Structure formats: structure tokens, C-alpha cells
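Trainee: Here you go, one structure.
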Amino acid sequence: MPDLGEEAMDHAVALARKAGEMVREALQNERSIMCKSSSVDLVTQTDQKVEQLIVSSVKEKFPTHSFIGEESVAAGQPCVLTNNPTWIVDPVDGTTNFVHGYPFVAVSIAFAVNKELEFGVVYSCLEDKMYTARKGKGAFCNGQPLQVSDQKEINQSIIATEFGSNREPEVVDKIFSTMRNILCLPVHGMRGVGTAATNMCLVASGCVEAYYEIGIHCWDVAAGAVIVSEAGGLLMDVDGGPLDLMSRRVLAANNKTIAERIIKEIEVFKPTRDDAPMDK
């Protein structure tokens with residue numbers, strides 16, 4: 001009896017690598033830019049081509065599986081996670097980075113069954129780093145085991161976050177207020193590479209102690225969530241509750257001590273959920 005999880009994961013790794021080649025090639029050429037929800041919410045032809053590659057390949061090999069993809073949802077497909085085997089994909093995580101040639105761009109592929117994440121694959125294309133994790137099997141980068149930091153002192157920690165694409169002044173105020181709160185704890189520093197998936201892999205690698213963000217999407221964090229968890233880290237909502245993939249809020253941390261300290265400083269707000277009914 002073939003192992004569906006292993007077969008699907010092997011396929012995801014091969015697809016991520018092929019997608020990464022497409023991203024690297026596209027960076028050498030002119031990048032056609034379009035906008036989605038605003039002038040800072042960008043999409044390129046490469047996003048769309050990579051997602052088409054992944055979707056068509058998955059449908060051919062696993063015709064009964066479901067699919068949640070960033071560009072598919074942007075085109076009007078529903079973002080609903082069911083019990084059916086489901087691929088959750090961000091074809092180019094870090095599109096703004098890609099547009100500007102900023103060297104952190106990732107392909108993120110997760111796989112869920114019965115609404116539970118089974119594996120995650122994040123390929124940092126320009127670094128040529130393949131992060132992989134399967135539930136109960138550990139997390140790896142280019143085949144080397146990953147382990148979160150054992151740091152428990154917040155004032156000796158690095159925390160990652162992003163500014164997101166929402167430019168409403170009241171939201172921006174909350175983002176900066178939270179950053180100020182955390183910086184003044186104090187912490188060693190705050191970082192962000194411009195891709196949620198890569199930030200989460202940095203938590204898994206032990207480079208940073210935690211990453212939080214409000215306004216991300218399920219396809220940004222699904223694969224990274226498995227990688228963090230399998231590297232010994234924890235995941236939760238920014239209000240301290242359990243992680244809800246559709247809530248557009250995430251905190252990934254190396255341990256509960258660091259997580260709880262950060263939660264106290266976050267000014268929480270509620271973006272529209274990924275699975276909210278779409279306007280007709």
C-alpha cells in the first residue's frame with residue numbers, strides 16, 4: 001500500500017524545485033507587475049505561471065485532491081479547507097521582493113488531510129535552501145535536521161515580523177506600536193526578510209526566536225507551520241489562542257516563555273478571514 005503522504009511530499013519537493021527554477025529565470029528577465037487589492041498588493045505573471053504549473057501537476061497525479069492557492073483565490077475561487085486531501089500553495093511568497101530583486105523569495109507548499117497539516121515544503125529559491133517537514137518525522141533544510149533556539153530570555157532574542165500590505169493609518173499605527181513595545185522589552189533586534197514562509201523557517205532554524213504577523217494568509221504560513229512544529233517550536237494565534245489557519249494571524253516561537261512574553265505586547269486586530277464568504 002503506497003504511503004500517500006510520502007508520495008505527495010516527494011512530488012511537492014520536486015515541484016518546489018522546478019518552480020524555483022522558474023522564479024530564478026524570471027528574475028533575469030523583465031517582470032510584468034499587476035496589482036490585486038491595492039497598489040502595494042502585487043502579483044506578477046510568474047506568480048500565476050508557477051501556480052498553474054503546480055495545480056496542473058497535482059491534478060494530473062492526484063485528481064481527487066483539493067487546492068487552495070493564492071492566485072486561484074484572487075481569481076475568485078473559494079478559500080475553504082475541507083476534510084479532503086488539500087494542497088495549500090503560495091507560488092511566490094515574497095512577490096514584492098521578487099519585483100524589486102530583493103533576494104528572498106520562496107515557494108510554499110503544504111498538504112492537509114482532514115483539516116490537519118501533514119507536511120510542509122518551503123523552497124527559498126535564491127538561497128537554494130529546501131526546507132521540508134512531515135508530521136512526526138522532523139524538520140530539515142537541505143537534508144540537515146532543524147532545531148529551534150533554546151533561548152528563554154526575551155532580552156537576548158531576535159523577533160521577526162513584517163509590515164504587511166495594509167496601509168490604513170489605524171492598522172499601521174497598531175503595527176508600529178507593537179514593534180515599539182517589543183523593541184523596548186528590550187530585545188536584541190527585530191528582523192523580517194519579506195516572506196512569511198522564510199521567516200517561519202528562520203524560527204525553525206534557530207536564527208530567530210519568534211515570528212508574528214497579522215494580515216498574512218493561510219497559504220503564507222501553512223507549510224512553515226509544519227516546519228516550525230517539527231523543529232520543536234510552537235504555533236498560536238497572536239492573542240494566545242490556538243493557531244487558526246484562516247484567521248490571518250500567526251505567532252511562531254521557539255518556546256512558550258518567549259511566545260507568552262511577546263503576546264503581552266501585541267496590539268491585536270482582526271483582518272477579514274480567509275474563509276469569509278466572498279462578496280458577489
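In the C-alpha cells, each chain is lettered A, B, ... as it comes, each chain's residues begin at 1, and ligands are numbered from 1 in order of appearance.
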Could you pull the residues within 10 Å of Leu53 in chain A, counting only C-alpha atoms, minus those fewer than 5 positions along the same chain, as a PyMOL selection string?
Mentor: chain A and resi 15+18-19+22+48+58+91
Trainee: Could you pull out the helix (DSSP H, G or I) residues of range 21-269 of chain A from DSSP and send them as a ChimeraX atom specification?
Mentor: /A:21-27,45-61,70-74,95-100,154-156,169-183,196-205,218-230,245-247,256-263
Trainee: Please list as a list in words every residue within 6 Å of range 112-128 of chain A, counting only C-alpha atoms and excluding residues in the same chain fewer than 2 positions away.
Mentor: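 Near range 112-128 of chain A, the qualifying residues are Gly20, Asn83, Asn84, Pro85, Thr86, Val105, Ala106, Val107, Ser108, Ile109, Ala110, Met130, Tyr131, Thr132, Ala133, Arg134, Lys135, Ala223 and Val226 of chain A.
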Trainee: For a quick check of understanding, using only C-alpha atoms, which of A:Pro145, A:Pro78, A:Gly224, A:Gly215 has the smallest distance to Val238 in chain A?
Mentor: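 Of the candidates, the smallest distance to Val238 in chain A is held by A:Gly215.
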Trainee: For CA of Gly194 in chain A and CA of Val208 in chain A, determine how far apart the two atoms are, in Å to one decimal place.
Mentor: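 These two atoms are separated by 14.5 Å.
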Trainee: What does the distance between CA of Cys79 in chain A and CA of Asp275 in chain A come to in Å, to one decimal place?
Mentor: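 For CA of Cys79 in chain A relative to CA of Asp275 in chain A, the distance reads 5.3 Å.
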Trainee: For Ala253 in chain A, work out the shell of residues within 6 Å, counting only C-alpha atoms and skipping chain neighbours fewer than 2 positions away, then give it as a list in words.
Mentor: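 After dropping sequence-adjacent residues, the list is Glu209, Ala210, Gly233, Leu234, Asn255 and Ala259 of chain A.
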Trainee: Using N, CA, C and O atoms, can you export the residues from the last selection as a PDB file, in the first residue's frame?
Mentor:
```pdb
ATOM      1  N   GLU A 209      14.057  33.867  17.443  1.00  0.00           N
ATOM      2  CA  GLU A 209      13.278  33.175  18.475  1.00  0.00           C
ATOM      3  C   GLU A 209      11.790  33.127  18.164  1.00  0.00           C
ATOM      4  O   GLU A 209      11.095  32.202  18.601  1.00  0.00           O
ATOM      5  N   ALA A 210      11.295  34.120  17.440  1.00  0.00           N
ATOM      6  CA  ALA A 210       9.853  34.137  17.155  1.00  0.00           C
ATOM      7  C   ALA A 210       9.556  34.986  15.940  1.00  0.00           C
ATOM      8  O   ALA A 210      10.339  35.860  15.553  1.00  0.00           O
ATOM      9  N   GLY A 233       9.273  23.898  17.739  1.00  0.00           N
ATOM     10  CA  GLY A 233       8.660  25.165  18.102  1.00  0.00           C
ATOM     11  C   GLY A 233       7.169  25.035  18.330  1.00  0.00           C
ATOM     12  O   GLY A 233       6.600  23.943  18.270  1.00  0.00           O
ATOM     13  N   LEU A 234       6.522  26.162  18.602  1.00  0.00           N
ATOM     14  CA  LEU A 234       5.072  26.149  18.805  1.00  0.00           C
ATOM     15  C   LEU A 234       4.417  27.238  17.982  1.00  0.00           C
ATOM     16  O   LEU A 234       5.052  28.218  17.590  1.00  0.00           O
ATOM     17  N   ASN A 255       9.624  28.672  22.046  1.00  0.00           N
ATOM     18  CA  ASN A 255       9.073  28.065  23.263  1.00  0.00           C
ATOM     19  C   ASN A 255       7.964  28.948  23.834  1.00  0.00           C
ATOM     20  O   ASN A 255       7.740  30.079  23.388  1.00  0.00           O
ATOM     21  N   ALA A 259       6.963  33.093  23.613  1.00  0.00           N
ATOM     22  CA  ALA A 259       5.656  33.377  22.999  1.00  0.00           C
ATOM     23  C   ALA A 259       4.774  34.206  23.924  1.00  0.00           C
ATOM     24  O   ALA A 259       4.185  35.221  23.511  1.00  0.00           O
TER      25      ALA A 259
END
```
Trainee: Hey, what does DSSP flag as strand (DSSP E or B) within range 18-229 of chain A? Can you give it to me as a PyMOL selection string?
Mentor: chain A and resi 33-35+42-44+66-69+86-93+106-113+116-124+129-134+138-141+144-145+158-160+189-191+210-214
Trainee: Write out as JSON, numbers by chain which residues come within 12 Å of Met236 in chain A when counting only C-alpha atoms, dropping same-chain ones fewer than 3 positions away.
Mentor: {"A": [210, 211, 212, 213, 221, 225, 228, 229, 233, 239, 240, 241, 242, 243, 244, 245, 247, 248, 249, 250, 251, 252, 253, 254, 255, 256, 259, 260, 262, 263]}
Trainee: What does the structure give for the distance between CA of Ser177 in chain A and CA of Trp219 in chain A, in Å to one decimal?
Mentor: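 Between these atoms lies a distance of 26.4 Å.
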Trainee: Excluding Thr161 in chain A and residues on its chain fewer than 2 positions from it, collect all residues at most 10 Å away from it, counting only C-alpha atoms, and give them as a list in words.
Mentor: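 Here the answer would be Ile159, Phe163, Gly164, Ile175, Met179, Met190, Arg191, Gly192, Val193, Gly194, Thr195, Ala196, Asn199, Met200, Ala210, Tyr211, Tyr212, Glu213, Ile214 and Leu251 of chain A.
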Trainee: What would the file look like if the residues just selected were written as an mmCIF file, in the first residue's frame with N, CA, C and O atoms?
Mentor:
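Listed below is the output, part-v3.cif:
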```cif
data_model
loop_
_atom_site.group_PDB
_atom_site.id
_atom_site.type_symbol
_atom_site.label_atom_id
_atom_site.label_comp_id
_atom_site.auth_asym_id
_atom_site.auth_seq_id
_atom_site.Cartn_x
_atom_site.Cartn_y
_atom_site.Cartn_z
ATOM 1 N N ILE A 159 13.379 38.906 17.132
ATOM 2 C CA ILE A 159 11.987 38.669 16.775
ATOM 3 C C ILE A 159 11.763 39.122 15.334
ATOM 4 O O ILE A 159 12.199 40.210 14.949
ATOM 5 N N PHE A 163 5.599 44.261 7.799
ATOM 6 C CA PHE A 163 4.651 45.378 7.807
ATOM 7 C C PHE A 163 3.356 45.042 7.091
ATOM 8 O O PHE A 163 2.344 45.701 7.301
ATOM 9 N N GLY A 164 3.362 44.029 6.230
ATOM 10 C CA GLY A 164 2.157 43.654 5.506
ATOM 11 C C GLY A 164 1.822 44.630 4.394
ATOM 12 O O GLY A 164 2.591 45.541 4.080
ATOM 13 N N ILE A 175 0.630 48.330 14.102
ATOM 14 C CA ILE A 175 1.839 47.586 13.735
ATOM 15 C C ILE A 175 3.068 48.240 14.365
ATOM 16 O O ILE A 175 3.914 47.563 14.964
ATOM 17 N N MET A 179 5.587 46.941 17.453
ATOM 18 C CA MET A 179 7.043 46.857 17.263
ATOM 19 C C MET A 179 7.783 47.651 18.333
ATOM 20 O O MET A 179 8.798 47.189 18.883
ATOM 21 N N MET A 190 14.869 43.308 15.776
ATOM 22 C CA MET A 190 13.721 42.830 15.022
ATOM 23 C C MET A 190 14.123 42.734 13.565
ATOM 24 O O MET A 190 14.864 43.572 13.055
ATOM 25 N N ARG A 191 13.650 41.698 12.906
ATOM 26 C CA ARG A 191 14.037 41.419 11.534
ATOM 27 C C ARG A 191 12.820 41.016 10.717
ATOM 28 O O ARG A 191 11.768 40.692 11.259
ATOM 29 N N GLY A 192 12.993 40.982 9.418
ATOM 30 C CA GLY A 192 11.964 40.477 8.515
ATOM 31 C C GLY A 192 12.552 40.405 7.124
ATOM 32 O O GLY A 192 13.151 41.370 6.653
ATOM 33 N N VAL A 193 12.430 39.258 6.461
ATOM 34 C CA VAL A 193 13.035 39.106 5.142
ATOM 35 C C VAL A 193 12.035 39.334 4.009
ATOM 36 O O VAL A 193 12.387 39.256 2.843
ATOM 37 N N GLY A 194 10.767 39.614 4.365
ATOM 38 C CA GLY A 194 9.788 39.921 3.331
ATOM 39 C C GLY A 194 8.994 38.732 2.847
ATOM 40 O O GLY A 194 8.211 38.857 1.907
ATOM 41 N N THR A 195 9.172 37.575 3.494
ATOM 42 C CA THR A 195 8.357 36.418 3.178
ATOM 43 C C THR A 195 8.046 35.665 4.458
ATOM 44 O O THR A 195 8.948 35.316 5.213
ATOM 45 N N ALA A 196 6.752 35.460 4.693
ATOM 46 C CA ALA A 196 6.309 34.792 5.919
ATOM 47 C C ALA A 196 6.883 33.386 6.014
ATOM 48 O O ALA A 196 7.335 32.951 7.067
ATOM 49 N N ASN A 199 10.491 33.553 7.049
ATOM 50 C CA ASN A 199 10.588 33.961 8.453
ATOM 51 C C ASN A 199 10.306 32.783 9.380
ATOM 52 O O ASN A 199 10.989 32.588 10.401
ATOM 53 N N MET A 200 9.316 31.975 9.040
ATOM 54 C CA MET A 200 8.980 30.822 9.871
ATOM 55 C C MET A 200 10.100 29.773 9.828
ATOM 56 O O MET A 200 10.417 29.151 10.848
ATOM 57 N N ALA A 210 11.295 34.120 17.440
ATOM 58 C CA ALA A 210 9.853 34.137 17.155
ATOM 59 C C ALA A 210 9.556 34.986 15.940
ATOM 60 O O ALA A 210 10.339 35.860 15.553
ATOM 61 N N TYR A 211 8.418 34.706 15.352
ATOM 62 C CA TYR A 211 7.888 35.496 14.239
ATOM 63 C C TYR A 211 6.389 35.668 14.471
ATOM 64 O O TYR A 211 5.690 34.708 14.805
ATOM 65 N N TYR A 212 5.902 36.896 14.324
ATOM 66 C CA TYR A 212 4.466 37.139 14.442
ATOM 67 C C TYR A 212 4.031 38.037 13.293
ATOM 68 O O TYR A 212 4.821 38.824 12.754
ATOM 69 N N GLU A 213 2.784 37.928 12.909
ATOM 70 C CA GLU A 213 2.238 38.830 11.900
ATOM 71 C C GLU A 213 0.722 38.736 11.894
ATOM 72 O O GLU A 213 0.151 37.668 12.135
ATOM 73 N N ILE A 214 0.097 39.867 11.626
ATOM 74 C CA ILE A 214 -1.351 39.933 11.438
ATOM 75 C C ILE A 214 -1.594 40.446 10.026
ATOM 76 O O ILE A 214 -1.044 41.481 9.637
ATOM 77 N N LEU A 251 1.584 33.441 15.348
ATOM 78 C CA LEU A 251 2.782 33.603 16.163
ATOM 79 C C LEU A 251 3.487 32.251 16.165
ATOM 80 O O LEU A 251 2.906 31.239 16.566
#
```
Trainee: Show which residues sit within 8 Å of Leu185 in chain A, as a count of residues only. Count only C-alpha atoms, and ignore same-chain residues fewer than 2 positions away.
Mentor: 6
